[in-house]
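Contents: one structure, followed by commentary.
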Amino acid sequence: MSDATLAMGRDRRQLLLWLAPPLLWFAVFMVVPYGMLFYYSLGSTDYMTFKPGFSLVNLARVFQTEPYLSVLIKSARIGALTAIGATILAYPVAFCLAFHTRSARSKFIIYLLVIVPWWAAYLVKAYAWKTILGTSGILNAVLLNLHVISEPMTLFLYNQFSVVLTLVYIFTPFSILSIYAQLDRIPTSMLEASSNLGATTFETLTRLVIPLSLPGVVAGGIITFALATGDFIAPALVGGPDALMISNVVINLLGVAFDWPMAASIGIVVIGIGTALISVAQYLEHRAQVRY
Amino acid sequence: MTAIIEARQLQKHYGGPLAVRDVSFSVTEGEFLSLLGASGSGKTTTLRMIAGLETPTAGSVLFRGQDITHVPAAQRDMRMVFQDFALFPNLTVWNNVAFGLRLKINRGRVTHEEIKTRVGRYLETVMLSGHAQKLPHQLSGGQRQRVSLARALVTDPPVVLFDEPLGSLDASMRKSMQLELKRLHRELRKTFIYVTHDQEEAMGLSDRVAVLQDGCLLQIAPPNDIYFRPNSAEVARFVGAANVLEGIVESKGDGVAVVRLAGNARVEARDNTALAAVGDSVTVMLRAEQLRLSPAAPGTDGFVARVTERLFLGEKVRYELCVHGSNTRLSALDTGDQGGFQLGDDLSVSADPRHVRIIGQSPPQRSAP
Amino acid sequence: MRDLGSRRIAWSLGWSVIAFLYAPLLVMAVFSFNDSDFTGLPFLGFTWRWYSMLLADDRLLESVWNSVYVALGVVGLSTLFGLPAAIALDRFEFPGKRWFGRLVLLPIVLPGVITGVALLLFYMAMHLRLSLYTIMLGQGTGLMCVTITEVTARLRQMGHSVEEAARTMGANEWEVFQKVTLPGVLPALIGAMLISFSISFDEIAVTYLLTGRQNTLPMTLWSLLRREATPEVNAVSTLVIVASVLLIVFGTWLSRRGSGEPVVSPG
């Protein structure tokens, strides 16, 4: 055996040593469960008991039977609004962090100020908006005190607006971090070159900063979209009957209807969409990575 | 000739020691001025203050006699070539070069036709016509720098600023870019202000060189003067291979001063002798390539030194020498290895008095041994 | 000169967004001290009442411990399996590497509920009884990507030269791992541990489906919140936030001290 093949053999052993345990783990706890999801989606139920089968009826039902498709679309719309809203709110903060924070110390402090609300308890953040927007909530109390309204408004809570607002609130810190990562990569000399060539701030912004950060911002937006679309806490806490989202439907199918195949089918569809989204996000991120 | 740029007592303070202190100089129209110094000497900061990318803590910048200290960078009539090129990665070569002109279009100062012809012409000037549709990351380092050059020149600015533009290129690319810069300067007759830490580059390219150290301007003069007539030991050490030694003036007369160095070595100096009187401690400069070396023998000129290191450099050989009876060290360059001396050889070292320059008086507390 | 545009306008927009991020948390904290049976105005006076009520609530306290238990298990699992995965991804080329990388990231973008359903089907098929351990396995799988991405990023930053240097000096694989690789990735690893811990502590979507008789804190909170809640919930929430803030600040400080780069991990 030559030295090269010996080295290769050693490398292969090394690789197996490191890779086998995690690979096995993911096979057992991810591939098999997702596979079972697929298997269930092909079956049917008979009086709340599962019957194996091989039919695509359930997968077809996701797109054909109400309310599944419309809930899916509604969830996607809420997800998209969340991604857009969070991006809009996040941009100024990311901008300040990237372009108007000089010392490393103040950068660190702002950075902390951003990640604290991101990691702070999810449930609590959603619940906070319930206390603010509710009929006996802070917003109504303030408006009543100011005599803007004469009786508590029910308009604020239990609708799609409150769900989007809550989700935007939850995902803004994440958007800040992902946009900041993009803006921070823009070399200072590039901004200087732009102004040296006579560009105004606005021109530098529209011709350089925004186009340069766009792919990364969209990639971050896709993740936000995916997370928000699959959320079930915000709709359950602050959403009304018309703000039920796809995850809530899945839970109801399991817990109330015991329609496992249907729940599994929705799962498969969502996984399909999710995988496609990851690919798009990774592609965009890859495009944003080259250069400088 | 009139000054196009004038720096008046420029100062920059970042907290800590002054980055630039009291730097004043003026640049005439069409001149090629280099700001030469080690990193941290304040040369780049000075350039950036001229460009408007940095606001001076004190002092002012004048453009054709007008104070522009507080004019934003975007409104100054000068373009900069950056060390990292600072090309816009999302734009093609063509669009990078057209960037400045396109901004002018919005202000009605240039037409589409003009942009086309001018971008085309300058891409030709820097020999990149065939690469117009490429993105910056598809180009080599030298090509990128040429794009950045074309981008700076295309708007026809009277002043072009260079911040170590060749710093990130390899040696051979540097040499060819130096020639190109020299040619461009000759053809375009623009004012170039050029920051570099490479003394050869500064001397080779410029009409005048300004040497900076620790934020201070030490000397500003034509390359020839900087090389042969440095006004201080710092400048002498920075430029070329100079031996800066301390000694005492033993006698003076007929424009020649005899300076006694450590180890009783004596040299005659003819340059700048007015600076010192008999008995003074002085600093003298002996250029390495002007030392005459011969095998030590009784009756030969000069003082004796031993070869402690021999470095073959190709077109020349560098000898490190130690003066007999002291630990004074000297460098000598022998063109073409004419001497062919070996390690441990004792040499007789002498110098033409015309090339031995008294740079200044040494501080009295460090009187010569 | 990195300032782009008006500092004042940029910062006033920036600070208003930061204020928007903190206002609800502050409201929450303030009303946890309100001496009124309902969350909301008017503010009737300061009280510790809700906090002492909370300390007397056995069910709540028990769920806190359950959560800590689960989170520690998750941290252990994701370190045990995530670290080797990161090393394999960094050091070797192998067929399907890209797909493995994608598979690992999948739980981030998939709704937790879907992951939960898949695992639930799996447990049922294996006749596993739902318990804290089933939660641990589920969360561990989902959160392994945190460890993997953080550690891979750190390994990439480190490069291979140090490990190679150790090998040329005669270190065997175990010594290289123990003396070079592990100390090098430690800051990232600890950062990932803290992040995993705090996400696990907060996780609800997967947990919701996999929970058995014992509840984690978010599940207990969830059942409290679903009913029209008393300010006791605010008190718990405030404490949870304070705890997670401490954890984050500590974790960020630790990982920055180690690598000079902040751990930015979208979880």
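Just remember, in the structure tokens the first chain shown is A, the second B, etc., residues are 1-based per chain, and ligands are 1-based in the order shown.
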- Query: Any idea which chain B residues end up within 8 Å of chain A if we count only C-alpha atoms, as an NGL selection string please?
  - Reply: :B and (51 or 53 or 73-76 or 78-80 or 82 or 84 or 86-90 or 99-100 or 103 or 136-137 or 152)
- Skip C:Leu120 itself and residues of its chain fewer than 3 positions away, then list as a VMD selection string all residues within 9 Å of it, counting only C-alpha atoms. (chain A and resid 33) or (chain C and resid 115 to 117 123 to 125 130 134 209 to 210)
Could you write out that same residue set with N, CA, C and O atoms as a compact mmCIF listing (two decimals), in the first residue's frame?
# COMPACT_ATOMS: atom_id res chain seq x y z
N PRO A 33 -38.11 10.18 11.50
CA PRO A 33 -39.38 10.85 11.78
C PRO A 33 -40.00 11.54 10.56
O PRO A 33 -41.20 11.42 10.33
N THR C 115 -41.90 19.61 13.04
CA THR C 115 -40.88 18.75 13.65
C THR C 115 -41.50 17.95 14.78
O THR C 115 -41.23 16.75 14.93
N GLY C 116 -42.32 18.63 15.57
CA GLY C 116 -42.99 17.98 16.68
C GLY C 116 -43.86 16.83 16.22
O GLY C 116 -43.83 15.74 16.79
N VAL C 117 -44.65 17.06 15.19
CA VAL C 117 -45.55 16.01 14.69
C VAL C 117 -44.74 14.81 14.22
O VAL C 117 -45.06 13.66 14.55
N TYR C 123 -42.16 8.50 17.97
CA TYR C 123 -42.25 7.98 19.34
C TYR C 123 -43.38 6.97 19.46
O TYR C 123 -43.25 5.95 20.13
N MET C 124 -44.49 7.31 18.80
CA MET C 124 -45.63 6.39 18.89
C MET C 124 -45.27 5.04 18.28
O MET C 124 -45.60 3.99 18.82
N ALA C 125 -44.58 5.11 17.16
CA ALA C 125 -44.19 3.86 16.49
C ALA C 125 -43.21 3.07 17.36
O ALA C 125 -43.22 1.84 17.37
N LEU C 130 -44.33 9.55 26.35
CA LEU C 130 -43.91 10.95 26.35
C LEU C 130 -43.48 11.36 27.75
O LEU C 130 -44.15 11.04 28.73
N THR C 134 -38.41 12.66 26.10
CA THR C 134 -38.81 12.80 24.70
C THR C 134 -38.68 14.26 24.26
O THR C 134 -38.30 14.55 23.13
N LEU C 209 -46.06 19.41 21.57
CA LEU C 209 -46.50 18.12 21.06
C LEU C 209 -45.88 16.93 21.77
O LEU C 209 -46.44 15.85 21.80
N LEU C 210 -44.70 17.15 22.34
CA LEU C 210 -43.97 16.00 22.89
C LEU C 210 -44.06 15.89 24.39
O LEU C 210 -43.47 15.00 24.99
- Item | Distance query B:Ser206 at most 10 Å, only C-alpha atoms, self and fewer than 2 positions along chain excluded, as a ChimeraX atom specification | /B:31-35,182,185,192-194,201-204,208-210,222-223
Those same residues, written as a PDB file, in the first residue's frame with N, CA, C and O atoms?
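Saved the output as out_4.pdb:
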ATOM      1  N   GLU B  31       2.336  69.296 -10.302  1.00  0.00           N
ATOM      2  CA  GLU B  31       3.441  68.653  -9.601  1.00  0.00           C
ATOM      3  C   GLU B  31       3.091  67.216  -9.189  1.00  0.00           C
ATOM      4  O   GLU B  31       1.933  66.857  -9.049  1.00  0.00           O
ATOM      5  N   PHE B  32       4.120  66.399  -9.025  1.00  0.00           N
ATOM      6  CA  PHE B  32       3.957  65.065  -8.461  1.00  0.00           C
ATOM      7  C   PHE B  32       4.659  65.080  -7.112  1.00  0.00           C
ATOM      8  O   PHE B  32       5.876  65.088  -7.033  1.00  0.00           O
ATOM      9  N   LEU B  33       3.845  65.126  -6.034  1.00  0.00           N
ATOM     10  CA  LEU B  33       4.424  65.186  -4.693  1.00  0.00           C
ATOM     11  C   LEU B  33       4.167  63.870  -3.974  1.00  0.00           C
ATOM     12  O   LEU B  33       3.051  63.357  -3.978  1.00  0.00           O
ATOM     13  N   SER B  34       5.218  63.314  -3.372  1.00  0.00           N
ATOM     14  CA  SER B  34       5.018  62.107  -2.581  1.00  0.00           C
ATOM     15  C   SER B  34       5.092  62.436  -1.105  1.00  0.00           C
ATOM     16  O   SER B  34       5.927  63.227  -0.688  1.00  0.00           O
ATOM     17  N   LEU B  35       4.194  61.821  -0.335  1.00  0.00           N
ATOM     18  CA  LEU B  35       4.294  61.900   1.121  1.00  0.00           C
ATOM     19  C   LEU B  35       4.884  60.565   1.554  1.00  0.00           C
ATOM     20  O   LEU B  35       4.266  59.521   1.381  1.00  0.00           O
ATOM     21  N   LYS B 182       3.926  57.136 -13.913  1.00  0.00           N
ATOM     22  CA  LYS B 182       4.844  58.183 -14.377  1.00  0.00           C
ATOM     23  C   LYS B 182       4.397  58.683 -15.759  1.00  0.00           C
ATOM     24  O   LYS B 182       4.333  59.878 -16.016  1.00  0.00           O
ATOM     25  N   HIS B 185       1.188  60.700 -15.502  1.00  0.00           N
ATOM     26  CA  HIS B 185       1.424  62.029 -14.965  1.00  0.00           C
ATOM     27  C   HIS B 185       1.998  62.953 -16.029  1.00  0.00           C
ATOM     28  O   HIS B 185       1.599  64.106 -16.156  1.00  0.00           O
ATOM     29  N   PHE B 192      -0.509  65.333  -8.837  1.00  0.00           N
ATOM     30  CA  PHE B 192      -0.609  64.059  -8.133  1.00  0.00           C
ATOM     31  C   PHE B 192      -0.048  64.225  -6.725  1.00  0.00           C
ATOM     32  O   PHE B 192       1.059  64.725  -6.562  1.00  0.00           O
ATOM     33  N   ILE B 193      -0.808  63.806  -5.738  1.00  0.00           N
ATOM     34  CA  ILE B 193      -0.259  63.708  -4.381  1.00  0.00           C
ATOM     35  C   ILE B 193      -0.306  62.234  -3.994  1.00  0.00           C
ATOM     36  O   ILE B 193      -1.355  61.601  -4.070  1.00  0.00           O
ATOM     37  N   TYR B 194       0.837  61.701  -3.608  1.00  0.00           N
ATOM     38  CA  TYR B 194       1.028  60.267  -3.591  1.00  0.00           C
ATOM     39  C   TYR B 194       1.594  59.828  -2.246  1.00  0.00           C
ATOM     40  O   TYR B 194       2.679  60.251  -1.853  1.00  0.00           O
ATOM     41  N   GLU B 201      10.100  54.141  -4.502  1.00  0.00           N
ATOM     42  CA  GLU B 201       8.943  54.539  -5.288  1.00  0.00           C
ATOM     43  C   GLU B 201       8.766  56.054  -5.232  1.00  0.00           C
ATOM     44  O   GLU B 201       8.580  56.714  -6.254  1.00  0.00           O
ATOM     45  N   ALA B 202       8.876  56.592  -4.026  1.00  0.00           N
ATOM     46  CA  ALA B 202       8.694  58.032  -3.858  1.00  0.00           C
ATOM     47  C   ALA B 202       9.722  58.813  -4.674  1.00  0.00           C
ATOM     48  O   ALA B 202       9.395  59.769  -5.367  1.00  0.00           O
ATOM     49  N   MET B 203      10.964  58.377  -4.596  1.00  0.00           N
ATOM     50  CA  MET B 203      12.018  59.122  -5.285  1.00  0.00           C
ATOM     51  C   MET B 203      11.902  58.960  -6.791  1.00  0.00           C
ATOM     52  O   MET B 203      12.138  59.891  -7.552  1.00  0.00           O
ATOM     53  N   GLY B 204      11.566  57.762  -7.211  1.00  0.00           N
ATOM     54  CA  GLY B 204      11.501  57.496  -8.638  1.00  0.00           C
ATOM     55  C   GLY B 204      10.370  58.236  -9.319  1.00  0.00           C
ATOM     56  O   GLY B 204      10.501  58.660 -10.461  1.00  0.00           O
ATOM     57  N   ARG B 208       8.812  66.147  -6.040  1.00  0.00           N
ATOM     58  CA  ARG B 208       9.292  66.454  -4.694  1.00  0.00           C
ATOM     59  C   ARG B 208       8.816  65.384  -3.736  1.00  0.00           C
ATOM     60  O   ARG B 208       7.780  64.757  -3.964  1.00  0.00           O
ATOM     61  N   VAL B 209       9.558  65.197  -2.674  1.00  0.00           N
ATOM     62  CA  VAL B 209       9.194  64.204  -1.673  1.00  0.00           C
ATOM     63  C   VAL B 209       9.065  64.907  -0.330  1.00  0.00           C
ATOM     64  O   VAL B 209       9.906  65.742   0.017  1.00  0.00           O
ATOM     65  N   ALA B 210       7.996  64.604   0.390  1.00  0.00           N
ATOM     66  CA  ALA B 210       7.855  65.123   1.745  1.00  0.00           C
ATOM     67  C   ALA B 210       8.025  63.951   2.699  1.00  0.00           C
ATOM     68  O   ALA B 210       7.302  62.966   2.601  1.00  0.00           O
ATOM     69  N   PRO B 222      13.163  68.125  -3.568  1.00  0.00           N
ATOM     70  CA  PRO B 222      13.288  67.201  -4.686  1.00  0.00           C
ATOM     71  C   PRO B 222      14.035  65.938  -4.248  1.00  0.00           C
ATOM     72  O   PRO B 222      14.851  66.002  -3.318  1.00  0.00           O
ATOM     73  N   PRO B 223      13.774  64.796  -4.891  1.00  0.00           N
ATOM     74  CA  PRO B 223      14.365  63.523  -4.483  1.00  0.00           C
ATOM     75  C   PRO B 223      15.881  63.596  -4.322  1.00  0.00           C
ATOM     76  O   PRO B 223      16.441  63.061  -3.360  1.00  0.00           O
TER      77      PRO B 223
END
Given only C-alpha atoms, how would the per-residue table for chain C near chain B read, listing every residue at most 12 Å away with its closest atom pair and distance in Å to one decimal, sorted by chain and number, as JSON lines?
{"residue": "C:Met1", "atom": "CA", "partner": "B:Leu53", "partner_atom": "CA", "distance": 5.9}
{"residue": "C:Arg2", "atom": "CA", "partner": "B:Leu53", "partner_atom": "CA", "distance": 9.3}
{"residue": "C:Asp3", "atom": "CA", "partner": "B:Leu53", "partner_atom": "CA", "distance": 10.4}
{"residue": "C:Leu4", "atom": "CA", "partner": "B:Leu53", "partner_atom": "CA", "distance": 11.9}
{"residue": "C:Gly5", "atom": "CA", "partner": "B:Pro72", "partner_atom": "CA", "distance": 11.9}
Using only C-alpha atoms, find each residue in chain C having at least one atom no more than 7 Å away from chain A; report its shortest atom-to-atom pair and that distance in Å (one decimal), rows by chain then rising number, as JSON lines.
{"residue": "C:Met1", "atom": "CA", "partner": "A:Glu192", "partner_atom": "CA", "distance": 6.8}
{"residue": "C:Arg2", "atom": "CA", "partner": "A:Phe99", "partner_atom": "CA", "distance": 5.5}
{"residue": "C:Asp3", "atom": "CA", "partner": "A:Phe99", "partner_atom": "CA", "distance": 5.2}
{"residue": "C:Leu4", "atom": "CA", "partner": "A:Phe99", "partner_atom": "CA", "distance": 6.1}
{"residue": "C:Gly5", "atom": "CA", "partner": "A:Thr201", "partner_atom": "CA", "distance": 5.4}
{"residue": "C:Arg7", "atom": "CA", "partner": "A:His100", "partner_atom": "CA", "distance": 6.5}
{"residue": "C:Ala10", "atom": "CA", "partner": "A:Cys96", "partner_atom": "CA", "distance": 6.1}
{"residue": "C:Trp11", "atom": "CA", "partner": "A:Cys96", "partner_atom": "CA", "distance": 6.2}
{"residue": "C:Leu13", "atom": "CA", "partner": "A:Pro92", "partner_atom": "CA", "distance": 6.0}
{"residue": "C:Gly14", "atom": "CA", "partner": "A:Val93", "partner_atom": "CA", "distance": 4.3}
{"residue": "C:Val17", "atom": "CA", "partner": "A:Leu89", "partner_atom": "CA", "distance": 6.4}
{"residue": "C:Leu21", "atom": "CA", "partner": "A:Pro117", "partner_atom": "CA", "distance": 6.6}
{"residue": "C:Pro24", "atom": "CA", "partner": "A:Ala128", "partner_atom": "CA", "distance": 5.5}
{"residue": "C:Leu25", "atom": "CA", "partner": "A:Ala128", "partner_atom": "CA", "distance": 6.8}
{"residue": "C:Met28", "atom": "CA", "partner": "A:Ala128", "partner_atom": "CA", "distance": 6.1}
{"residue": "C:Thr39", "atom": "CA", "partner": "A:Thr131", "partner_atom": "CA", "distance": 6.8}
{"residue": "C:Gly40", "atom": "CA", "partner": "A:Gly137", "partner_atom": "CA", "distance": 5.4}
{"residue": "C:Leu41", "atom": "CA", "partner": "A:Ala141", "partner_atom": "CA", "distance": 6.3}
{"residue": "C:Phe81", "atom": "CA", "partner": "A:Pro22", "partner_atom": "CA", "distance": 5.0}
{"residue": "C:Gly82", "atom": "CA", "partner": "A:Pro22", "partner_atom": "CA", "distance": 6.7}
{"residue": "C:Pro84", "atom": "CA", "partner": "A:Trp18", "partner_atom": "CA", "distance": 4.8}
{"residue": "C:Ala85", "atom": "CA", "partner": "A:Leu19", "partner_atom": "CA", "distance": 5.6}
{"residue": "C:Ile87", "atom": "CA", "partner": "A:Trp18", "partner_atom": "CA", "distance": 6.8}
{"residue": "C:Ala88", "atom": "CA", "partner": "A:Trp18", "partner_atom": "CA", "distance": 5.5}
{"residue": "C:Phe92", "atom": "CA", "partner": "A:Leu15", "partner_atom": "CA", "distance": 6.6}
{"residue": "C:Val109", "atom": "CA", "partner": "A:Ala226", "partner_atom": "CA", "distance": 5.5}
{"residue": "C:Leu110", "atom": "CA", "partner": "A:Gly274", "partner_atom": "CA", "distance": 5.9}
{"residue": "C:Pro111", "atom": "CA", "partner": "A:Gly230", "partner_atom": "CA", "distance": 4.4}
{"residue": "C:Val113", "atom": "CA", "partner": "A:Ser247", "partner_atom": "CA", "distance": 6.1}
{"residue": "C:Ile114", "atom": "CA", "partner": "A:Gly267", "partner_atom": "CA", "distance": 5.4}
{"residue": "C:Ala118", "atom": "CA", "partner": "A:Pro33", "partner_atom": "CA", "distance": 4.8}
{"residue": "C:Leu119", "atom": "CA", "partner": "A:Pro33", "partner_atom": "CA", "distance": 5.3}
{"residue": "C:Leu121", "atom": "CA", "partner": "A:Met36", "partner_atom": "CA", "distance": 6.7}
{"residue": "C:Phe122", "atom": "CA", "partner": "A:Pro33", "partner_atom": "CA", "distance": 5.2}
{"residue": "C:Thr141", "atom": "CA", "partner": "A:Phe29", "partner_atom": "CA", "distance": 6.7}
{"residue": "C:Asp202", "atom": "CA", "partner": "A:Ala121", "partner_atom": "CA", "distance": 5.6}
{"residue": "C:Ser237", "atom": "CA", "partner": "A:Val124", "partner_atom": "CA", "distance": 5.7}
{"residue": "C:Val240", "atom": "CA", "partner": "A:Ala121", "partner_atom": "CA", "distance": 6.7}
{"residue": "C:Ile241", "atom": "CA", "partner": "A:Ala120", "partner_atom": "CA", "distance": 5.3}
{"residue": "C:Ser244", "atom": "CA", "partner": "A:Ala120", "partner_atom": "CA", "distance": 5.9}
{"residue": "C:Val245", "atom": "CA", "partner": "A:Val116", "partner_atom": "CA", "distance": 5.8}
{"residue": "C:Ile248", "atom": "CA", "partner": "A:Val116", "partner_atom": "CA", "distance": 6.8}
{"residue": "C:Pro266", "atom": "CA", "partner": "A:Phe174", "partner_atom": "CA", "distance": 6.3}
Okay, now the selection with C-alpha atoms, as a compact mmCIF listing (two decimals), in the first residue's frame?
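Result saved to again.txt:
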# COMPACT_ATOMS: atom_id res chain seq x y z
CA MET C 1 -15.17 58.29 7.57
CA ARG C 2 -17.91 55.74 7.91
CA ASP C 3 -20.67 58.16 8.89
CA LEU C 4 -23.26 58.03 6.21
CA GLY C 5 -25.85 60.75 6.27
CA ARG C 7 -26.17 61.09 12.48
CA ALA C 10 -30.22 57.87 11.84
CA TRP C 11 -29.99 57.64 15.59
CA LEU C 13 -34.90 56.37 14.04
CA GLY C 14 -32.63 53.77 15.57
CA VAL C 17 -37.00 51.12 17.15
CA LEU C 21 -38.37 46.65 21.39
CA PRO C 24 -43.56 45.86 26.01
CA LEU C 25 -40.96 44.29 28.26
CA MET C 28 -44.68 43.78 31.63
CA THR C 39 -53.10 43.57 34.37
CA GLY C 40 -53.78 47.09 33.19
CA LEU C 41 -54.28 50.63 34.27
CA PHE C 81 -23.15 15.22 18.69
CA GLY C 82 -22.84 18.76 17.34
CA PRO C 84 -18.06 16.05 16.04
CA ALA C 85 -20.41 17.09 13.25
CA ILE C 87 -15.31 19.02 13.03
CA ALA C 88 -16.32 16.63 10.27
CA PHE C 92 -13.32 16.67 5.51
CA VAL C 109 -36.82 27.08 9.05
CA LEU C 110 -39.43 24.40 9.56
CA PRO C 111 -42.25 25.22 11.92
CA VAL C 113 -44.97 22.06 15.12
CA ILE C 114 -44.05 20.04 12.02
CA ALA C 118 -42.84 13.99 12.94
CA LEU C 119 -41.19 13.11 16.22
CA LEU C 121 -45.26 9.80 15.05
CA PHE C 122 -41.82 8.34 15.57
CA THR C 141 -32.21 17.46 17.40
CA ASP C 202 -38.03 29.00 25.99
CA SER C 237 -42.38 36.72 32.80
CA VAL C 240 -37.77 34.80 33.07
CA ILE C 241 -36.63 37.85 31.12
CA SER C 244 -32.39 35.21 30.14
CA VAL C 245 -30.83 38.68 30.00
CA ILE C 248 -27.19 36.37 27.27
CA PRO C 266 -30.24 33.46 14.53
- Item | B:Glu315 environment, 9 Å, only C-alpha atoms, sequence neighbours closer than 2 positions dropped, as a count of residues only | 7
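Distances from B:Gly142, B:Gly65, B:Arg121, B:Asn231 to B:Ser172 were compared using only C-alpha atoms, and the smallest one belongs to B:Gly142.
Nearest to B:Val160 of all the residues B:Thr300, B:Thr191, B:Gln138, B:Gln145 is B:Thr191, based on only C-alpha atoms.
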- What does the distance from atom CA of A:Leu56 to atom CA of A:Ala257 come to in Å, to one decimal?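 Between these atoms lies a distance of 19.7 Å.
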- Quick one, how far is atom CA of A:Ile149 from atom CA of A:Ala243?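 Separation between atom CA of A:Ile149 and atom CA of A:Ala243: 25.4 Å.
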- Message: as a PyMOL selection string, please: the residues near C:Ser131 (cut-off 8 Å, only C-alpha atoms, same-chain neighbours under 6 positions excluded).
- Response: chain C and resi 210-214
Keeping only N, CA and C atoms, write the selected residues to a file as a tab-separated table (two decimals), in the first residue's frame.
chain	number	residue	atom	x	y	z
C	210	LEU	N	-44.70	17.15	22.34
C	210	LEU	CA	-43.97	16.00	22.89
C	210	LEU	C	-44.06	15.89	24.39
C	211	THR	N	-44.78	16.80	25.01
C	211	THR	CA	-44.78	16.84	26.47
C	211	THR	C	-45.63	15.71	27.05
C	212	GLY	N	-45.16	15.17	28.16
C	212	GLY	CA	-45.90	14.12	28.84
C	212	GLY	C	-46.65	14.69	30.03
C	213	ARG	N	-46.55	14.00	31.16
C	213	ARG	CA	-47.29	14.47	32.32
C	213	ARG	C	-46.59	15.66	32.98
C	214	GLN	N	-45.24	15.65	32.90
C	214	GLN	CA	-44.50	16.76	33.52
C	214	GLN	C	-44.35	17.91	32.52
- Note on the structure: A straight line from atom CA of A:Arg77 to atom CA of C:Glu203 spans 24.3 Å
For B:Gly40, list every protein, DNA or RNA residue within 10 Å, evaluated using only C-alpha atoms, and leave out those in the same chain fewer than 5 positions away; present the list as a PDB file with N, CA and C atoms, in the first residue's frame.
ATOM      1  N   ALA B  19      -1.734  62.675  15.682  1.00  0.00           N
ATOM      2  CA  ALA B  19      -1.442  61.846  14.512  1.00  0.00           C
ATOM      3  C   ALA B  19      -0.704  62.676  13.473  1.00  0.00           C
ATOM      4  N   VAL B  20      -1.072  63.941  13.406  1.00  0.00           N
ATOM      5  CA  VAL B  20      -0.410  64.879  12.488  1.00  0.00           C
ATOM      6  C   VAL B  20      -0.211  66.175  13.245  1.00  0.00           C
ATOM      7  N   THR B  45      -3.131  60.163   6.940  1.00  0.00           N
ATOM      8  CA  THR B  45      -4.062  61.101   7.563  1.00  0.00           C
ATOM      9  C   THR B  45      -3.985  62.459   6.883  1.00  0.00           C
ATOM     10  N   LEU B 212       7.729  62.307   6.289  1.00  0.00           N
ATOM     11  CA  LEU B 212       7.019  62.490   7.550  1.00  0.00           C
ATOM     12  C   LEU B 212       7.436  61.429   8.553  1.00  0.00           C
ATOM     13  N   GLN B 213       7.463  61.846   9.808  1.00  0.00           N
ATOM     14  CA  GLN B 213       7.719  60.894  10.879  1.00  0.00           C
ATOM     15  C   GLN B 213       6.979  61.338  12.131  1.00  0.00           C
ATOM     16  N   ASP B 214       6.310  60.410  12.779  1.00  0.00           N
ATOM     17  CA  ASP B 214       5.561  60.705  14.003  1.00  0.00           C
ATOM     18  C   ASP B 214       4.676  61.937  13.858  1.00  0.00           C
ATOM     19  N   GLY B 215       4.078  62.095  12.711  1.00  0.00           N
ATOM     20  CA  GLY B 215       3.149  63.196  12.519  1.00  0.00           C
ATOM     21  C   GLY B 215       3.806  64.513  12.146  1.00  0.00           C
TER      22      GLY B 215
END
- Message: Please list as a VMD selection string every residue within 8 Å of B:Lys190, counting only C-alpha atoms and excluding residues in the same chain fewer than 6 positions away.
- Response: chain B and resid 29 to 31 157 to 160
- Message: With DSSP run on the backbone, what are the alpha helix (DSSP H) residues within stretch 16-200 of chain B? I'd like them as an MDAnalysis selection string.
- Response: chainID B and resid 43:51 93:106 112:125 141:153 171:188 199:200
- Message: Please extract the residues of stretch 103-332 of chain B with a backbone DSSP assignment of strand (DSSP E or B) and present them as a count of residues only.
- Response: 80
